[in-house]
Every structure is written in structure tokens, then in C-alpha cells.
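Asks: So here's run.cif (mmCIF, C-alpha atoms and all ligand atoms).
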data_final
loop_
_atom_site.group_PDB
_atom_site.id
_atom_site.type_symbol
_atom_site.label_atom_id
_atom_site.label_comp_id
_atom_site.auth_asym_id
_atom_site.auth_seq_id
_atom_site.Cartn_x
_atom_site.Cartn_y
_atom_site.Cartn_z
ATOM 1 C CA MET D 1 0.000 0.000 0.000
ATOM 2 C CA LYS D 2 1.436 3.337 -1.008
ATOM 3 C CA SER D 3 1.630 6.095 1.566
ATOM 4 C CA PHE D 4 -0.552 9.171 1.123
ATOM 5 C CA ASN D 5 2.487 11.287 0.248
ATOM 6 C CA ALA D 6 3.637 8.793 -2.331
ATOM 7 C CA LEU D 7 0.162 8.890 -3.860
ATOM 8 C CA LEU D 8 0.219 12.683 -3.933
ATOM 9 C CA LEU D 9 3.584 12.633 -5.622
ATOM 10 C CA ALA D 10 2.390 10.013 -8.059
ATOM 11 C CA SER D 11 -0.648 12.104 -8.913
ATOM 12 C CA LEU D 12 1.606 15.060 -9.657
ATOM 13 C CA PHE D 13 3.828 13.216 -12.058
ATOM 14 C CA LEU D 14 1.717 10.400 -13.387
ATOM 15 C CA PHE D 15 -1.067 11.625 -15.546
ATOM 16 C CA SER D 16 -3.607 9.358 -17.031
ATOM 17 C CA CYS D 17 -2.324 8.863 -20.505
ATOM 18 C CA ALA D 18 1.433 9.313 -20.309
ATOM 19 C CA SER D 19 4.080 10.448 -17.862
ATOM 20 C CA PRO D 20 4.868 14.108 -18.512
ATOM 21 C CA THR D 21 7.747 16.138 -17.168
ATOM 22 C CA ALA D 22 6.925 18.422 -14.222
ATOM 23 C CA GLN D 23 6.705 21.444 -16.543
ATOM 24 C CA GLN D 24 4.401 19.615 -18.951
ATOM 25 C CA ALA D 25 2.267 18.595 -15.992
ATOM 26 C CA VAL D 26 1.827 22.259 -15.046
ATOM 27 C CA ASP D 27 1.154 23.293 -18.662
ATOM 28 C CA ARG D 28 -1.510 20.631 -19.026
ATOM 29 C CA ASP D 29 -3.765 22.478 -16.608
ATOM 30 C CA ASP D 30 -3.070 25.925 -18.028
ATOM 31 C CA PRO D 31 -5.877 26.951 -20.396
ATOM 32 C CA GLU D 32 -3.629 29.449 -22.159
ATOM 33 C CA ALA D 33 -0.882 26.936 -22.823
ATOM 34 C CA GLN D 34 -3.524 24.397 -23.823
ATOM 35 C CA TYR D 35 -5.647 26.603 -26.054
ATOM 36 C CA VAL D 36 -6.247 25.367 -29.573
ATOM 37 C CA GLU D 37 -8.536 27.332 -31.852
ATOM 38 C CA PRO D 38 -11.393 24.906 -32.626
ATOM 39 C CA PHE D 39 -11.488 23.630 -36.184
ATOM 40 C CA GLN D 40 -13.545 21.589 -38.599
ATOM 41 C CA VAL D 41 -12.072 18.314 -39.826
ATOM 42 C CA PHE D 42 -15.030 16.787 -41.679
ATOM 43 C CA ASP D 43 -18.498 18.022 -42.640
ATOM 44 C CA ASN D 44 -19.814 16.636 -39.330
ATOM 45 C CA LEU D 45 -16.724 16.545 -37.078
ATOM 46 C CA TYR D 46 -14.924 19.347 -35.257
ATOM 47 C CA TYR D 47 -11.958 19.494 -32.885
ATOM 48 C CA ILE D 48 -12.893 21.295 -29.663
ATOM 49 C CA GLY D 49 -10.186 19.901 -27.391
ATOM 50 C CA ALA D 50 -6.983 21.091 -25.791
ATOM 51 C CA ARG D 51 -3.427 20.618 -26.952
ATOM 52 C CA TRP D 52 -2.695 17.492 -24.886
ATOM 53 C CA VAL D 53 -6.150 15.933 -24.543
ATOM 54 C CA SER D 54 -8.852 15.880 -27.181
ATOM 55 C CA SER D 55 -12.547 16.558 -27.269
ATOM 56 C CA TRP D 56 -14.560 16.178 -30.469
ATOM 57 C CA LEU D 57 -17.896 17.533 -31.600
ATOM 58 C CA LEU D 58 -20.031 15.390 -33.893
ATOM 59 C CA VAL D 59 -22.911 17.266 -35.486
ATOM 60 C CA THR D 60 -26.120 15.409 -36.389
ATOM 61 C CA ASP D 61 -29.472 16.464 -37.805
ATOM 62 C CA GLN D 62 -30.963 15.959 -34.317
ATOM 63 C CA GLY D 63 -28.412 17.666 -32.099
ATOM 64 C CA LEU D 64 -24.819 17.411 -30.983
ATOM 65 C CA ILE D 65 -22.644 14.588 -29.661
ATOM 66 C CA VAL D 66 -19.460 15.366 -27.721
ATOM 67 C CA PHE D 67 -16.649 12.859 -27.198
ATOM 68 C CA ASP D 68 -14.912 13.440 -23.860
ATOM 69 C CA ALA D 69 -15.514 16.126 -21.289
ATOM 70 C CA LEU D 70 -11.935 17.170 -20.431
ATOM 71 C CA TYR D 71 -11.632 18.635 -16.907
ATOM 72 C CA GLY D 72 -11.497 21.862 -14.924
ATOM 73 C CA GLU D 73 -10.838 24.951 -17.012
ATOM 74 C CA LEU D 74 -10.245 22.833 -20.100
ATOM 75 C CA THR D 75 -13.924 21.872 -19.955
ATOM 76 C CA ASP D 76 -14.848 25.570 -20.001
ATOM 77 C CA MET D 77 -12.609 25.907 -23.027
ATOM 78 C CA ALA D 78 -14.268 23.028 -24.900
ATOM 79 C CA ILE D 79 -17.732 24.480 -24.205
ATOM 80 C CA GLU D 80 -16.643 27.931 -25.355
ATOM 81 C CA ASN D 81 -15.193 26.316 -28.480
ATOM 82 C CA ILE D 82 -18.616 24.873 -29.302
ATOM 83 C CA ARG D 83 -20.065 28.402 -29.167
ATOM 84 C CA THR D 84 -17.168 29.791 -31.208
ATOM 85 C CA LEU D 85 -17.997 27.284 -33.939
ATOM 86 C CA GLY D 86 -21.564 28.598 -33.974
ATOM 87 C CA PHE D 87 -23.296 25.767 -32.120
ATOM 88 C CA ASP D 88 -25.318 25.859 -28.915
ATOM 89 C CA PRO D 89 -24.085 23.647 -26.035
ATOM 90 C CA ASN D 90 -27.744 23.219 -25.010
ATOM 91 C CA ASP D 91 -28.055 21.026 -28.101
ATOM 92 C CA ILE D 92 -25.566 18.463 -26.755
ATOM 93 C CA ARG D 93 -27.703 15.329 -26.532
ATOM 94 C CA TYR D 94 -24.943 12.875 -25.663
ATOM 95 C CA LEU D 95 -21.535 13.000 -24.056
ATOM 96 C CA ILE D 96 -19.530 9.880 -24.865
ATOM 97 C CA VAL D 97 -16.770 9.315 -22.298
ATOM 98 C CA THR D 98 -13.944 7.146 -23.617
ATOM 99 C CA HIS D 99 -12.763 6.159 -20.127
ATOM 100 C CA ALA D 100 -13.010 7.245 -16.522
ATOM 101 C CA HIS D 101 -9.671 9.003 -16.099
ATOM 102 C CA PHE D 102 -10.031 12.621 -15.018
ATOM 103 C CA ASP D 103 -8.816 14.092 -18.303
ATOM 104 C CA HIS D 104 -11.786 12.548 -20.166
ATOM 105 C CA VAL D 105 -14.513 12.289 -17.504
ATOM 106 C CA GLY D 106 -13.663 15.254 -15.250
ATOM 107 C CA GLY D 107 -16.197 17.665 -16.791
ATOM 108 C CA ALA D 108 -18.986 15.102 -17.382
ATOM 109 C CA ASN D 109 -21.037 16.272 -14.430
ATOM 110 C CA ARG D 110 -20.944 19.811 -15.855
ATOM 111 C CA PHE D 111 -22.449 18.638 -19.175
ATOM 112 C CA GLN D 112 -25.226 16.858 -17.279
ATOM 113 C CA ARG D 113 -25.953 19.807 -15.021
ATOM 114 C CA ASP D 114 -25.683 22.678 -17.490
ATOM 115 C CA PHE D 115 -26.918 21.140 -20.747
ATOM 116 C CA GLY D 116 -28.880 18.040 -19.781
ATOM 117 C CA SER D 117 -26.579 15.863 -21.881
ATOM 118 C CA VAL D 118 -26.919 12.111 -21.486
ATOM 119 C CA VAL D 119 -23.567 10.607 -20.515
ATOM 120 C CA MET D 120 -22.492 7.240 -21.857
ATOM 121 C CA MET D 121 -19.567 5.106 -20.805
ATOM 122 C CA THR D 122 -18.977 1.432 -20.154
ATOM 123 C CA GLU D 123 -20.380 -0.307 -17.092
ATOM 124 C CA GLN D 124 -16.852 -0.977 -15.769
ATOM 125 C CA ASP D 125 -15.851 2.659 -16.037
ATOM 126 C CA TRP D 126 -19.106 3.854 -14.469
ATOM 127 C CA GLN D 127 -18.017 1.725 -11.524
ATOM 128 C CA MET D 128 -14.675 3.540 -11.464
ATOM 129 C CA THR D 129 -16.522 6.838 -10.940
ATOM 130 C CA THR D 130 -17.892 5.635 -7.584
ATOM 131 C CA GLU D 131 -14.494 4.379 -6.400
ATOM 132 C CA PRO D 132 -11.612 6.596 -5.295
ATOM 133 C CA ALA D 133 -10.435 8.535 -8.366
ATOM 134 C CA VAL D 134 -7.307 7.034 -9.908
ATOM 135 C CA TYR D 135 -5.218 10.101 -10.689
ATOM 136 C CA ARG D 136 -7.165 13.123 -9.630
ATOM 137 C CA GLU D 137 -10.513 14.033 -8.074
ATOM 138 C CA TYR D 138 -13.379 15.294 -10.223
ATOM 139 C CA PRO D 139 -17.098 15.975 -9.650
ATOM 140 C CA THR D 140 -18.829 12.593 -9.778
ATOM 141 C CA PRO D 141 -21.147 12.290 -12.771
ATOM 142 C CA ILE D 142 -24.680 11.016 -12.262
ATOM 143 C CA ARG D 143 -24.931 7.510 -13.616
ATOM 144 C CA HIS D 144 -26.671 7.592 -16.994
ATOM 145 C CA LEU D 145 -26.279 4.981 -19.746
ATOM 146 C CA SER D 146 -23.855 2.104 -20.108
ATOM 147 C CA ALA D 147 -22.533 1.406 -23.586
ATOM 148 C CA ALA D 148 -22.395 -2.352 -24.038
ATOM 149 C CA ASP D 149 -20.025 -4.023 -26.465
ATOM 150 C CA GLY D 150 -21.691 -4.080 -29.881
ATOM 151 C CA ALA D 151 -24.442 -1.640 -28.884
ATOM 152 C CA THR D 152 -25.467 1.147 -31.221
ATOM 153 C CA LEU D 153 -26.738 4.639 -30.555
ATOM 154 C CA ASN D 154 -28.811 6.492 -33.120
ATOM 155 C CA LEU D 155 -29.335 10.224 -33.169
ATOM 156 C CA GLY D 156 -31.185 11.391 -36.252
ATOM 157 C CA ARG D 157 -29.452 9.840 -39.228
ATOM 158 C CA THR D 158 -26.189 9.366 -37.300
ATOM 159 C CA GLN D 159 -25.257 6.007 -35.823
ATOM 160 C CA LEU D 160 -22.500 5.224 -33.334
ATOM 161 C CA ARG D 161 -21.375 1.642 -32.874
ATOM 162 C CA PHE D 162 -19.697 0.888 -29.539
ATOM 163 C CA MET D 163 -16.936 -1.513 -28.655
ATOM 164 C CA ASN D 164 -15.616 -2.255 -25.165
ATOM 165 C CA THR D 165 -11.839 -2.312 -25.491
ATOM 166 C CA PRO D 166 -10.446 -2.766 -21.965
ATOM 167 C CA GLY D 167 -6.808 -2.437 -20.977
ATOM 168 C CA HIS D 168 -5.932 1.208 -20.340
ATOM 169 C CA THR D 169 -8.870 1.119 -17.877
ATOM 170 C CA PRO D 170 -11.147 -1.847 -17.130
ATOM 171 C CA GLY D 171 -13.813 -0.445 -19.464
ATOM 172 C CA VAL D 172 -12.395 1.622 -22.282
ATOM 173 C CA LEU D 173 -15.129 2.668 -24.722
ATOM 174 C CA SER D 174 -14.327 2.798 -28.426
ATOM 175 C CA THR D 175 -16.670 4.084 -31.106
ATOM 176 C CA LEU D 176 -17.128 3.554 -34.819
ATOM 177 C CA PHE D 177 -18.981 6.181 -36.831
ATOM 178 C CA THR D 178 -19.149 7.809 -40.240
ATOM 179 C CA VAL D 179 -17.601 11.131 -41.150
ATOM 180 C CA TYR D 180 -18.236 12.999 -44.395
ATOM 181 C CA ASP D 181 -15.786 14.851 -46.591
ATOM 182 C CA ASP D 182 -17.832 17.136 -48.809
ATOM 183 C CA GLY D 183 -20.625 14.564 -48.618
ATOM 184 C CA PHE D 184 -18.391 11.563 -49.230
ATOM 185 C CA PRO D 185 -18.570 9.047 -46.340
ATOM 186 C CA HIS D 186 -15.549 7.600 -44.525
ATOM 187 C CA THR D 187 -15.469 5.132 -41.644
ATOM 188 C CA ALA D 188 -13.897 6.581 -38.524
ATOM 189 C CA PHE D 189 -12.854 4.954 -35.271
ATOM 190 C CA MET D 190 -12.042 6.339 -31.866
ATOM 191 C CA PHE D 191 -9.898 3.977 -29.773
ATOM 192 C CA GLY D 192 -10.864 5.143 -26.303
ATOM 193 C CA GLY D 193 -7.712 4.279 -24.332
ATOM 194 C CA VAL D 194 -4.283 3.847 -25.832
ATOM 195 C CA GLY D 195 -1.707 4.522 -23.068
ATOM 196 C CA LEU D 196 0.203 1.629 -21.499
ATOM 197 C CA ASN D 197 0.483 3.255 -18.086
ATOM 198 C CA PHE D 198 -1.238 0.494 -16.133
ATOM 199 C CA GLU D 199 0.022 -2.577 -14.324
ATOM 200 C CA GLY D 200 -0.405 -6.288 -14.505
ATOM 201 C CA VAL D 201 -0.211 -9.247 -16.843
ATOM 202 C CA GLU D 202 -3.976 -9.693 -17.017
ATOM 203 C CA ARG D 203 -4.674 -6.058 -17.906
ATOM 204 C CA THR D 204 -1.946 -6.089 -20.534
ATOM 205 C CA GLU D 205 -3.396 -9.256 -22.018
ATOM 206 C CA SER D 206 -6.798 -7.619 -22.211
ATOM 207 C CA TYR D 207 -5.224 -4.553 -23.872
ATOM 208 C CA ILE D 208 -3.596 -6.802 -26.481
ATOM 209 C CA ASN D 209 -6.886 -8.587 -27.055
ATOM 210 C CA SER D 210 -8.592 -5.197 -27.559
ATOM 211 C CA VAL D 211 -6.024 -4.049 -30.121
ATOM 212 C CA GLN D 212 -6.351 -7.339 -31.978
ATOM 213 C CA ARG D 213 -10.143 -7.021 -32.058
ATOM 214 C CA ILE D 214 -9.812 -3.506 -33.464
ATOM 215 C CA GLN D 215 -7.340 -4.780 -36.073
ATOM 216 C CA ARG D 216 -9.995 -7.209 -37.274
ATOM 217 C CA LEU D 217 -12.442 -4.404 -38.042
ATOM 218 C CA GLU D 218 -12.571 -3.872 -41.744
ATOM 219 C CA GLY D 219 -12.668 -0.609 -43.599
ATOM 220 C CA ILE D 220 -11.460 1.842 -40.950
ATOM 221 C CA GLU D 221 -10.070 4.876 -42.754
ATOM 222 C CA VAL D 222 -9.928 7.635 -40.167
ATOM 223 C CA ASN D 223 -8.285 7.688 -36.735
ATOM 224 C CA VAL D 224 -10.094 10.026 -34.323
ATOM 225 C CA PRO D 225 -7.850 9.891 -31.239
ATOM 226 C CA ASN D 226 -8.696 11.073 -27.730
ATOM 227 C CA HIS D 227 -5.214 12.558 -27.394
ATOM 228 C CA ALA D 228 -4.227 14.630 -30.413
ATOM 229 C CA GLY D 229 -0.674 13.274 -30.343
ATOM 230 C CA SER D 230 -1.846 9.692 -30.885
ATOM 231 C CA GLY D 231 -3.232 10.507 -34.306
ATOM 232 C CA GLU D 232 -1.116 13.429 -35.568
ATOM 233 C CA VAL D 233 -4.234 15.580 -35.396
ATOM 234 C CA PHE D 234 -2.532 18.961 -35.645
ATOM 235 C CA GLU D 235 -0.118 17.857 -38.374
ATOM 236 C CA ARG D 236 -2.994 16.465 -40.415
ATOM 237 C CA TYR D 237 -5.048 19.609 -39.872
ATOM 238 C CA GLU D 238 -2.118 21.674 -41.155
ATOM 239 C CA ALA D 239 -2.099 19.508 -44.289
ATOM 240 C CA LEU D 240 -5.887 19.800 -44.558
ATOM 241 C CA GLN D 241 -5.643 23.588 -44.668
ATOM 242 C CA ASN D 242 -3.187 23.347 -47.539
ATOM 243 C CA ARG D 243 -5.113 20.694 -49.437
ATOM 244 C CA GLU D 244 -5.561 21.411 -53.109
ATOM 245 C CA GLU D 245 -8.740 20.673 -54.997
ATOM 246 C CA GLY D 246 -9.024 16.943 -55.702
ATOM 247 C CA GLU D 247 -6.328 15.886 -53.206
ATOM 248 C CA PRO D 248 -7.189 13.212 -50.636
ATOM 249 C CA HIS D 249 -8.256 14.225 -47.120
ATOM 250 C CA PRO D 250 -5.182 13.980 -44.836
ATOM 251 C CA PHE D 251 -7.210 12.325 -42.057
ATOM 252 C CA VAL D 252 -8.296 9.536 -44.416
ATOM 253 C CA ASP D 253 -5.343 7.209 -43.960
ATOM 254 C CA PRO D 254 -6.138 3.480 -43.708
ATOM 255 C CA GLU D 255 -2.453 2.505 -44.046
ATOM 256 C CA GLY D 256 -1.500 4.862 -41.219
ATOM 257 C CA TRP D 257 -4.297 3.390 -39.118
ATOM 258 C CA ASN D 258 -3.058 -0.169 -39.593
ATOM 259 C CA ALA D 259 0.540 0.832 -38.956
ATOM 260 C CA TRP D 260 -0.457 2.606 -35.755
ATOM 261 C CA LEU D 261 -2.336 -0.424 -34.427
ATOM 262 C CA ALA D 262 0.621 -2.668 -35.284
ATOM 263 C CA GLU D 263 2.890 -0.335 -33.312
ATOM 264 C CA LEU D 264 0.532 -0.357 -30.310
ATOM 265 C CA LEU D 265 0.569 -4.143 -30.405
ATOM 266 C CA VAL D 266 4.379 -4.379 -30.520
ATOM 267 C CA ASN D 267 4.664 -2.016 -27.539
ATOM 268 C CA ALA D 268 2.034 -3.915 -25.563
ATOM 269 C CA GLU D 269 3.674 -7.250 -26.273
ATOM 270 C CA ALA D 270 7.003 -5.888 -25.032
ATOM 271 C CA LYS D 271 5.270 -4.713 -21.861
ATOM 272 C CA LEU D 272 3.653 -8.119 -21.423
ATOM 273 C CA ALA D 273 6.985 -9.909 -21.818
ATOM 274 C CA GLU D 274 8.510 -7.652 -19.136
ATOM 275 C CA GLU D 275 5.613 -8.211 -16.773
ATOM 276 C CA GLN D 276 5.666 -11.960 -17.279
ATOM 277 C CA ALA D 277 9.421 -12.030 -16.645
ATOM 278 C CA ALA D 278 8.973 -9.990 -13.464
ATOM 279 C CA ALA D 279 6.201 -12.305 -12.257
ATOM 280 C CA ASN D 280 8.409 -15.395 -12.572
HETATM 281 ZN ZN ZN V 1 -6.352 7.596 -19.505
#
Here is a file; write its structure as C-alpha cells.

Replies:
Amino acid sequence: MKSFNALLLASLFLFSCASPTAQQAVDRDDPEAQYVEPFQVFDNLYYIGARWVSSWLLVTDQGLIVFDALYGELTDMAIENIRTLGFDPNDIRYLIVTHAHFDHVGGANRFQRDFGSVVMMTEQDWQMTTEPAVYREYPTPIRHLSAADGATLNLGRTQLRFMNTPGHTPGVLSTLFTVYDDGFPHTAFMFGGVGLNFEGVERTESYINSVQRIQRLEGIEVNVPNHAGSGEVFERYEALQNREEGEPHPFVDPEGWNAWLAELLVNAEAKLAEEQAAAN
């Protein structure tokens, strides 16, 4: 059992999706350092997140869907970004929470309270919200809907298909949906928990199983990551702004998607080998 001080120290230096330097850790909470002007990526998908952690706005004919709530002042920023883009946060019907670490779930309660959004996450990660917070405290969201593996959610003509992809947390929620580039549809996927900062052979095995299940999905063309760095979001957006007429959309990258998953698998297998060696 770790001492309280050790836990405090750990919470300062160990954030939920990677281990930043002390300066990065400070910058991560600073809305000025984290500000990214919101931008449109597809006809129906906008980036409303911060520099280090993402939030996405999916626009449907029957209201808005937000992926991930961020936390603290970064939540305020995401909400303001929705207004900046010309949408009304009161139209947010659903908040999809990829997993119950503070950087994704921290502002969920705010969306429920202020906009009446229905919050969805997996059953396992709902359970995490009633247990002591893993990295940092956040206002507990009111339990709404659990997204079962294989379940779908329809809002107007938009459909989300959910997958439970445990590993990073016990109940990572991944989502498949369609994005449109000037009316042309592309299949997008959000892998809800990528980081390997967790412990134990069993969890690592379940992470590997999740990646392998995702690899078996056919036709994924677009990576919509919940941390911008995992999917080269800003680099691709730069390329999107410079796209010439008739050129492919820089986010449509099935080869890059497959290569990324293969890399995640290699890293996870190395972690598993280390953990198995340590256990023997
Ligand atoms: Zn996390």
C-alpha cells in the first residue's frame, strides 16, 4: 500500500495517458498553454479539445454529440469552443466518455448539469466513478447509460457503434462512426484508451486482445484519437488547410491506421513480456 504522500507525488507526475515532465504537468492544466482554436475536420466533425487531450464535436441532424468532457478549465474551453464554432451547447444530446480518467470524464457532471446531456460510458468505467479517483478528483457524474459491447446509438441519421476495449482502464469505450468529406462518407474509429500506463499481466493481455479485435475491423479509414498526439491531429489539420482541390483528405489514412495499431501491439507485447518475466 502506497503512503498518502507517495500517492500525492504520483498524482503530480503520473497523468492518465502518459508520464509528462513536471513542466508539462503544469502546462496541461493551463488553459492558455492548452488553447487550440477549434477547427472543422469533416463536414460533421470538429476538434474542440486542448493541446494534450482531445474533445470532439459530432454534429447530427438531431443535435450534438461530444466525445470526452476534459476537466477543470479545459472543460470551459471546450464548451466555449462549441459556441465559437456557432453551435449551442444546449443542443448536446450525448456525451460519450472514452474512459473514466479525469482528463476525459472530469467535466462530465458539468455537461449533465448545465446542458442536460446524457452521458455514456462502459459499465466498468461507471463503476470507477464511484471508487476513489485514480489520478485526480473530479465531480462525480450522475450515472446515466452504459454502452455495451456491440451496442449502437442512433441520433437522427447518425449512428455510433460501440466496442468495449479494456486495458488502459477496465472499461475503455471505443466508437465507430461515419464522417463525411464534402458529402463523401468515410469510416472513422475512436480507440478510447491507448496509453500503457497500467500494471499487470492480465490487464496487458486484455489490452492486447482489444487491439487485436480492433485490427480485425474492416474498412477503418480515419483515426479520431482522444489525445491529439496519438493521431497526428494537428499535423494532419495543417495539411488539410493546404489541401488542393481533388487531393485526398489527410485524415483519411487506412495505411497509417493499420501501422499505428501494429505499433501499439508491438509495444504492448514488449510490456507483457517484461511483466511476465517480473512475475516469474
Ligand atoms: Zn487515460

Asks: Identify, counting all atoms listed in the file, the protein, DNA and RNA residues located within 12 Å of ligand ZN 1 (chain V), and give them as a PyMOL selection string.

Replies: chain D and resi 14-19+52-54+68+70+97-106+125+133-136+166-173+191-198+226-227

Asks: Grab the atom CA of D:Phe115 to atom CA of D:Asn154 distance for me, in Å with one decimal place.

Replies: 19.3 Å

Asks: Of the residues D:Pro31, D:Gly107, D:Gly116, D:Gly156, which is the one nearest to D:Asp61, using only C-alpha atoms?

Replies: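 Checking each of D:Pro31, D:Gly107, D:Gly116, D:Gly156 against D:Asp61, counting only C-alpha atoms, the winner is D:Gly156.
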
Asks: Have a look at D:Gln215, D:Thr178, D:Ser117, D:Asn242 and name the one nearest to D:Asp43; count all atoms listed in the file.

Replies: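 Comparing D:Gln215, D:Thr178, D:Ser117, D:Asn242 against D:Asp43, the winner is D:Thr178.
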
Asks: For the atom pair atom CA of D:Gln212 and atom CA of D:Ser174, what is the interatomic distance in Å to one decimal place?

Replies: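 If I compute the distance from atom CA of D:Gln212 to atom CA of D:Ser174, I get 13.4 Å.
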
Asks: Using Å and a single decimal, report how far atom CA of D:Tyr47 sits from atom CA of D:Tyr138.

Replies: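 Atom-to-atom, atom CA of D:Tyr138 to atom CA of D:Tyr47, that is 23.1 Å.
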
Asks: Nearest to D:Thr84 among D:Gly256, D:Pro141, D:Pro38, D:Pro225, with distances taken over all atoms listed in the file: which residue is it?

Replies: D:Pro38

Asks: Could you tell me which of D:Phe234, D:Phe87, D:Thr152, D:Pro20 comes closest to D:Glu37 if we count only C-alpha atoms?

Replies: D:Phe234

Asks: Please provide as number ranges by chain all residues within 12 Å of D:Glu73, with the sequence filter that same-chain residues fewer than 6 positions apart are discarded (counting all atoms listed in the file).

Replies: D: 28-35, 49-50, 79-80, 103, 106-107, 110

Asks: Run the PyMOL selection byres (((chain D and resi 181) around 9) and not hetatm) against the file shown and list the residues it catches, as a count of residues only.

Replies: 12

Asks: Using only C-alpha atoms, which residues sit within 8 Å of D:Phe67 once same-chain residues fewer than 6 positions away are excluded, as a PyMOL selection string?

Replies: chain D and resi 55-58+95-98

Asks: Keeping only C-alpha atoms, write the selected residues as a CSV table (one decimal), in the coordinates of the input.

Replies:
chain,number,residue,atom,x,y,z
D,55,SER,CA,-12.5,16.6,-27.3
D,56,TRP,CA,-14.6,16.2,-30.5
D,57,LEU,CA,-17.9,17.5,-31.6
D,58,LEU,CA,-20.0,15.4,-33.9
D,95,LEU,CA,-21.5,13.0,-24.1
D,96,ILE,CA,-19.5,9.9,-24.9
D,97,VAL,CA,-16.8,9.3,-22.3
D,98,THR,CA,-13.9,7.1,-23.6

Asks: Name the residues that the PyMOL selection byres (((chain D and resi 119) around 9) and not hetatm) picks from the file above, as a PDB file with C-alpha atoms, keeping the file's coordinate frame, using the file's chain letters and numbers.

Replies:
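And here's part.pdb as it stands now:
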ATOM      1  CA  ARG D  93     -27.703  15.329 -26.532  1.00  0.00           C
ATOM      2  CA  TYR D  94     -24.943  12.875 -25.663  1.00  0.00           C
ATOM      3  CA  LEU D  95     -21.535  13.000 -24.056  1.00  0.00           C
ATOM      4  CA  ILE D  96     -19.530   9.880 -24.865  1.00  0.00           C
ATOM      5  CA  VAL D  97     -16.770   9.315 -22.298  1.00  0.00           C
ATOM      6  CA  ALA D 108     -18.986  15.102 -17.382  1.00  0.00           C
ATOM      7  CA  ASN D 109     -21.037  16.272 -14.430  1.00  0.00           C
ATOM      8  CA  PHE D 111     -22.449  18.638 -19.175  1.00  0.00           C
ATOM      9  CA  GLN D 112     -25.226  16.858 -17.279  1.00  0.00           C
ATOM     10  CA  SER D 117     -26.579  15.863 -21.881  1.00  0.00           C
ATOM     11  CA  VAL D 118     -26.919  12.111 -21.486  1.00  0.00           C
ATOM     12  CA  MET D 120     -22.492   7.240 -21.857  1.00  0.00           C
ATOM     13  CA  MET D 121     -19.567   5.106 -20.805  1.00  0.00           C
ATOM     14  CA  PRO D 141     -21.147  12.290 -12.771  1.00  0.00           C
ATOM     15  CA  ILE D 142     -24.680  11.016 -12.262  1.00  0.00           C
ATOM     16  CA  ARG D 143     -24.931   7.510 -13.616  1.00  0.00           C
ATOM     17  CA  HIS D 144     -26.671   7.592 -16.994  1.00  0.00           C
ATOM     18  CA  LEU D 145     -26.279   4.981 -19.746  1.00  0.00           C
ATOM     19  CA  SER D 146     -23.855   2.104 -20.108  1.00  0.00           C
TER      20      SER D 146
END

Asks: Written as a ChimeraX atom specification, what is the full residue list that the PyMOL selection byres (((chain D and resi 277-280) around 12) and not hetatm) yields on the file shown?

Replies: /D:199-202,270-276

Asks: Quick one: axis-aligned box around all listed atoms of stretch 152-161 of chain D, 5 Å on every side, centre and edge lengths in Å to one decimal, written as JSON.

Replies:
{"center_x": -26.3, "center_y": 6.3, "center_z": -34.9, "size_x": 19.8, "size_y": 20.2, "size_z": 18.7}

Asks: Taking into account all atoms listed in the file, which residue in the set D:Ile48, D:Gly246, D:Ser210, D:Glu137 is nearest to D:Arg83?

Replies: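 Closest residue, counting all atoms listed in the file: D:Ile48.
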
Asks: Choose the residue, out of D:Gly229, D:Asn90, D:Asp114, D:Glu221, that has the smallest atom-to-atom separation from D:Phe251; count all atoms listed in the file.

Replies: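 For D:Phe251, the nearest of the given residues is D:Glu221.
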
Asks: Do a neighbour search on D:Thr60 at 8 Å with only C-alpha atoms, toss out local chain neighbours closer than 4 positions, and write the hits as an MDAnalysis selection string.

Replies: chainID D and resid 44 64:65 155:158

Asks: Please dump the current selection as a JSON list (two decimals), in the frame of the given file; keep C-alpha atoms.

Replies:
[["chain", "number", "residue", "atom", "x", "y", "z"],
["D", 44, "ASN", "CA", -19.81, 16.64, -39.33],
["D", 64, "LEU", "CA", -24.82, 17.41, -30.98],
["D", 65, "ILE", "CA", -22.64, 14.59, -29.66],
["D", 155, "LEU", "CA", -29.34, 10.22, -33.17],
["D", 156, "GLY", "CA", -31.18, 11.39, -36.25],
["D", 157, "ARG", "CA", -29.45, 9.84, -39.23],
["D", 158, "THR", "CA", -26.19, 9.37, -37.30]]

Asks: Once you've located stretch 153-187 of chain D in the structure I gave, write it as a PDB file, in the first residue's frame, keeping C-alpha atoms.

Replies:
ATOM      1  CA  LEU D 153     -26.738   4.639 -30.555  1.00  0.00           C
ATOM      2  CA  ASN D 154     -28.811   6.492 -33.120  1.00  0.00           C
ATOM      3  CA  LEU D 155     -29.335  10.224 -33.169  1.00  0.00           C
ATOM      4  CA  GLY D 156     -31.185  11.391 -36.252  1.00  0.00           C
ATOM      5  CA  ARG D 157     -29.452   9.840 -39.228  1.00  0.00           C
ATOM      6  CA  THR D 158     -26.189   9.366 -37.300  1.00  0.00           C
ATOM      7  CA  GLN D 159     -25.257   6.007 -35.823  1.00  0.00           C
ATOM      8  CA  LEU D 160     -22.500   5.224 -33.334  1.00  0.00           C
ATOM      9  CA  ARG D 161     -21.375   1.642 -32.874  1.00  0.00           C
ATOM     10  CA  PHE D 162     -19.697   0.888 -29.539  1.00  0.00           C
ATOM     11  CA  MET D 163     -16.936  -1.513 -28.655  1.00  0.00           C
ATOM     12  CA  ASN D 164     -15.616  -2.255 -25.165  1.00  0.00           C
ATOM     13  CA  THR D 165     -11.839  -2.312 -25.491  1.00  0.00           C
ATOM     14  CA  PRO D 166     -10.446  -2.766 -21.965  1.00  0.00           C
ATOM     15  CA  GLY D 167      -6.808  -2.437 -20.977  1.00  0.00           C
ATOM     16  CA  HIS D 168      -5.932   1.208 -20.340  1.00  0.00           C
ATOM     17  CA  THR D 169      -8.870   1.119 -17.877  1.00  0.00           C
ATOM     18  CA  PRO D 170     -11.147  -1.847 -17.130  1.00  0.00           C
ATOM     19  CA  GLY D 171     -13.813  -0.445 -19.464  1.00  0.00           C
ATOM     20  CA  VAL D 172     -12.395   1.622 -22.282  1.00  0.00           C
ATOM     21  CA  LEU D 173     -15.129   2.668 -24.722  1.00  0.00           C
ATOM     22  CA  SER D 174     -14.327   2.798 -28.426  1.00  0.00           C
ATOM     23  CA  THR D 175     -16.670   4.084 -31.106  1.00  0.00           C
ATOM     24  CA  LEU D 176     -17.128   3.554 -34.819  1.00  0.00           C
ATOM     25  CA  PHE D 177     -18.981   6.181 -36.831  1.00  0.00           C
ATOM     26  CA  THR D 178     -19.149   7.809 -40.240  1.00  0.00           C
ATOM     27  CA  VAL D 179     -17.601  11.131 -41.150  1.00  0.00           C
ATOM     28  CA  TYR D 180     -18.236  12.999 -44.395  1.00  0.00           C
ATOM     29  CA  ASP D 181     -15.786  14.851 -46.591  1.00  0.00           C
ATOM     30  CA  ASP D 182     -17.832  17.136 -48.809  1.00  0.00           C
ATOM     31  CA  GLY D 183     -20.625  14.564 -48.618  1.00  0.00           C
ATOM     32  CA  PHE D 184     -18.391  11.563 -49.230  1.00  0.00           C
ATOM     33  CA  PRO D 185     -18.570   9.047 -46.340  1.00  0.00           C
ATOM     34  CA  HIS D 186     -15.549   7.600 -44.525  1.00  0.00           C
ATOM     35  CA  THR D 187     -15.469   5.132 -41.644  1.00  0.00           C
TER      36      THR D 187
END
